[in-house]
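**Q** There's a structure below that I have some questions on.
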Amino acid sequence: MQPALSITRLSLSEFRNYRQLHLEASAAPVVLTGANGAGKTNILEAISLFTPGRGMRSSPYNEILRETAKVPQWAVAISLDGAEGRQSLGTSWESDAPGSRKSMTDGQVAKGSGVFSSAIRVIWLTPAMDRLFAGPAGDRRRFLDRMVTTMDSTHPSRISAFEKLMRERNKLLSEHEFDASWVNVLEIQMAATGVAIAAARLEALDNLQGHINGSFGENHCSLFPSSRLVLEGIIEGLLRENPAVHCEDEYRKMLYDSRNSDQAAGRTLIGPHRSDMIVYHLEKDIQARRCSTGEQKALLTGLILAHAKTVKSGFNGYMPILLLDEIAAHLDEQRRGELFDELCRLRSQCWMTGTDRTQFAALEDRAQFFQVSDGCVN
Ligand SMILES: Nc1ncnc2c1ncn2[C@@H]1O[C@H](COP(=O)(O)OP(=O)(O)OP(=O)(O)O)[C@@H](O)[C@H]1O
Ligand SMILES: [Mg+2]
């Protein structure tokens, strides 16, 4: 029997349209149905906060606090069954002490961006991601970096360190007569951090592509097509061909040589912050952005499933928690059926939302259904 990671209890307090919520669940898939604005996505967002960053909506924390909150603090707590037995995790934010949120594991204060990563991994798919392939490169880069983070929880700290160094360098360059020796120091650090970011991306992407290719044969007829992923970026390209120390040296020289152009542009023109992940439909060998809307949705769903399986292989065989917001709305009946079968086969506690329970009819005796209305769950 494959091990299963599951949230057995979820509690919310002053969280968006919930004053208080206590919900108990088993390891089976969870389906939340209800009218528009009932509070379905808010529940998924709460679970997504057990990852580094600001969760699946990337909202400022003050927006999460219920508008008519009785106390100036929102909180989310979960009980989790997983590799480390039963654990309780909690995260909260107070408007009187703004800044980062507080995290707790088993009643102890936990610090750092990857505090929950030994206990839980969460992957989401939201309607906002429908334009991922056709939209701006920044969205794909953030999507890629989130995938990397589920495999390497130290990745966000590298990215924020790089961004901080870059801001400092941009600021120095904007001064008419800048301190060249200080810019040198920043460029050396940017080169080391930038190459580390590129290396983590390449490693995660190769790992993911390996899983996709490994199951390509068996999924050949799948309604969720396989992807070929290409990382486009100067540093990543260099790193494919050269040892890391050489790349650091090269990138440092590029930064040095582009001081004038960066100064004129008011930003850094070369670096891992400009990279893009191009996705191809593997079988058709065309770029995903050229595929039909439905094909893009199927490709993205396939990519999320492959990502989940990749995480599973590095997480003691535990499937990550999946959050699939409005998943059924975009898929025909056959694809829905295939997706539900695959989720049950993988023993994934996936949390799905939809306005209409009939969309989930194929899951009827295999999932737990909750009716959400106006900040209450039955
Ligand atoms: N800070 C807040 N305080 C109170 N209510 C909020 C807050 N933030 C969001 N809401 C409300 O929560 C409600 C539910 O939002 P949610 O996105 O969860 O709905 P949903 O059930 O997913 O709906 P849909 O089917 O349209 O996607 C919305 O009406 C929204 O206005
Ligand atoms: Mg919603």
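Identifiers for the structure tokens are assigned positionally: chains receive A, B, ... in sequence, residues are indexed from 1 per chain, and ligands are indexed from 1 in the order shown.
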Quick one: everything within 8 Å of segment 133-146 of chain A, counting only C-alpha atoms, minus sequence neighbours fewer than 6 positions away in the same chain. Send it as a PyMOL selection string.
**A** chain A and resi 155-156+201+274-279+288-289+296
**Q** Could you name the residues that touch Ile78 of chain A at 10 Å or less, counting only C-alpha atoms, but leaving out those on the same chain fewer than 5 positions away, as a list in words?
**A** Ser6, Ile7, Thr8, Arg9, Leu10, Ser11, Leu12, His22, Leu23, Glu24, Ala46, Ile47, Phe50, Gln87, Ser88, Leu89, Gly90, Thr91 and Thr105 of chain A
**Q** In Å, rounded to a single decimal, give me how far atom CA of Gly271 of chain A is from atom CA of Arg252 of chain A.
**A**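 Atom-to-atom, atom CA of Arg252 of chain A and atom CA of Gly271 of chain A are spaced 10.2 Å apart.
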**Q** Could you report the residues within 8 Å of ligand 1, using only C-alpha atoms and all ligand atoms, as an NGL selection string?
**A** :A and (14-18 or 33-43 or 62-69 or 325-326 or 353-355 or 372-375)
**Q** Under the rule that only C-alpha atoms are counted, which of A:Lys297, A:Arg57, A:Lys70, A:His307 is the nearest residue to Leu331 of chain A?
**A**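 Ranked by minimum distance to Leu331 of chain A, first place goes to A:Lys297.
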**Q** What is the atom CA of Gly266 of chain A to atom CA of Leu231 of chain A distance in Å?
**A**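 The value is 25.8 Å.
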**Q** Just asking: which residues within segment 241-353 of chain A are strand (DSSP E or B) according to DSSP, as an MDAnalysis selection string?
**A** chainID A and resid 276:281 286:287 321:324 350:353
**Q** To one decimal place in Å, what is the distance between atom CA of Arg167 of chain A and atom CA of Asp179 of chain A?
**A** 15.1 Å
**Q** Compare A:Val185, A:Pro272, A:Trp93, A:His176 by their minimum atom-to-atom distance to Phe162 of chain A, counting only C-alpha atoms, and give me the closest one.
**A**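 Checking each of A:Val185, A:Pro272, A:Trp93, A:His176 against Phe162 of chain A, counting only C-alpha atoms, the winner is A:Pro272.
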**Q** For Phe315 of chain A, list every protein, DNA or RNA residue within 12 Å, evaluated using only C-alpha atoms, and leave out those in the same chain fewer than 6 positions away; present the list as a list in words.
**A**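 Near Phe315 of chain A, the qualifying residues are Pro3, Ala4, Leu5, Gly82, Ala83, Glu84, Ser117, Ser118, Ala119, Ile120, Arg121, Val122, Thr150, Met151, Asp152, Ala308, Lys309 and Ile321 of chain A.
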**Q** Take the residues from that selection and put them in a file with C-alpha atoms, as a compact mmCIF listing (two decimals), in the first residue's frame.
**A**
# COMPACT_ATOMS: atom_id res chain seq x y z
CA PRO A 3 1.72 5.84 1.98
CA ALA A 4 -0.71 8.77 1.94
CA LEU A 5 -0.19 12.31 3.16
CA GLY A 82 2.31 11.77 7.01
CA ALA A 83 5.86 10.46 7.15
CA GLU A 84 6.43 11.88 10.63
CA SER A 117 8.76 21.42 3.97
CA SER A 118 9.79 18.33 5.94
CA ALA A 119 6.12 17.75 6.82
CA ILE A 120 4.08 18.86 3.83
CA ARG A 121 4.37 19.72 0.13
CA VAL A 122 1.54 21.47 -1.69
CA THR A 150 8.84 21.84 -3.82
CA MET A 151 12.01 19.85 -4.53
CA ASP A 152 14.54 22.18 -2.87
CA ALA A 308 3.42 15.75 -8.18
CA LYS A 309 4.96 12.36 -9.05
CA ILE A 321 -1.35 17.70 -1.30
**Q** Skip Ala328 of chain A itself and residues of its chain fewer than 3 positions away, then list as a list in words all residues within 10 Å of it, counting only C-alpha atoms.
**A**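 Neighbouring residues, sequence-local ones excluded: Leu324, Asp325, Leu331, Asp332, Glu333, Arg335, Arg336, Gly337, Leu339, Phe340, Met352, Thr353, Gly354, Thr355, Asp356, Arg357, Thr358, Gln359 and Phe360 of chain A.
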**Q** Please dump the current selection as a tab-separated table (two decimals), in the first residue's frame; keep C-alpha atoms.
**A**
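Result file out-v8.tsv:
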chain	number	residue	atom	x	y	z
A	324	LEU	CA	-7.19	21.93	-7.97
A	325	ASP	CA	-9.35	25.03	-8.10
A	331	LEU	CA	-12.32	19.39	-18.71
A	332	ASP	CA	-14.71	17.25	-20.72
A	333	GLU	CA	-16.33	14.25	-19.04
A	335	ARG	CA	-10.80	13.83	-19.16
A	336	ARG	CA	-12.46	14.45	-15.79
A	337	GLY	CA	-12.96	10.71	-15.37
A	339	LEU	CA	-8.06	12.65	-13.89
A	340	PHE	CA	-10.18	11.38	-10.97
A	352	MET	CA	-11.00	20.24	-5.59
A	353	THR	CA	-13.59	22.96	-5.98
A	354	GLY	CA	-16.53	23.44	-8.31
A	355	THR	CA	-19.90	25.16	-8.39
A	356	ASP	CA	-21.76	22.00	-9.31
A	357	ARG	CA	-21.59	18.64	-7.56
A	358	THR	CA	-22.63	16.77	-10.72
A	359	GLN	CA	-19.23	17.61	-12.26
A	360	PHE	CA	-17.76	15.22	-9.70
**Q** So, counting only C-alpha atoms and all ligand atoms, which residue among A:Ser292, A:Thr126, A:Ser174, A:Ser58 is closest to ligand 2?
**A**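 Among A:Ser292, A:Thr126, A:Ser174, A:Ser58, it is A:Thr126 that comes nearest to ligand 2.
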**Q** Neighbouring residues of Leu173 of chain A were defined as those with any atom within 8 Å, considering only C-alpha atoms; residues of the same chain fewer than 5 positions away were excluded. Please report them as a PyMOL selection string.
**A** chain A and resi 178+183+259+262-263+266
**Q** My list of candidates is A:Glu45, A:Gly233, A:Ala27, A:Asp249. Which is closest to ligand 2 when distances are computed with only C-alpha atoms and all ligand atoms?
**A**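 When distances to ligand 2 are compared using only C-alpha atoms and all ligand atoms, the smallest one comes from A:Glu45.
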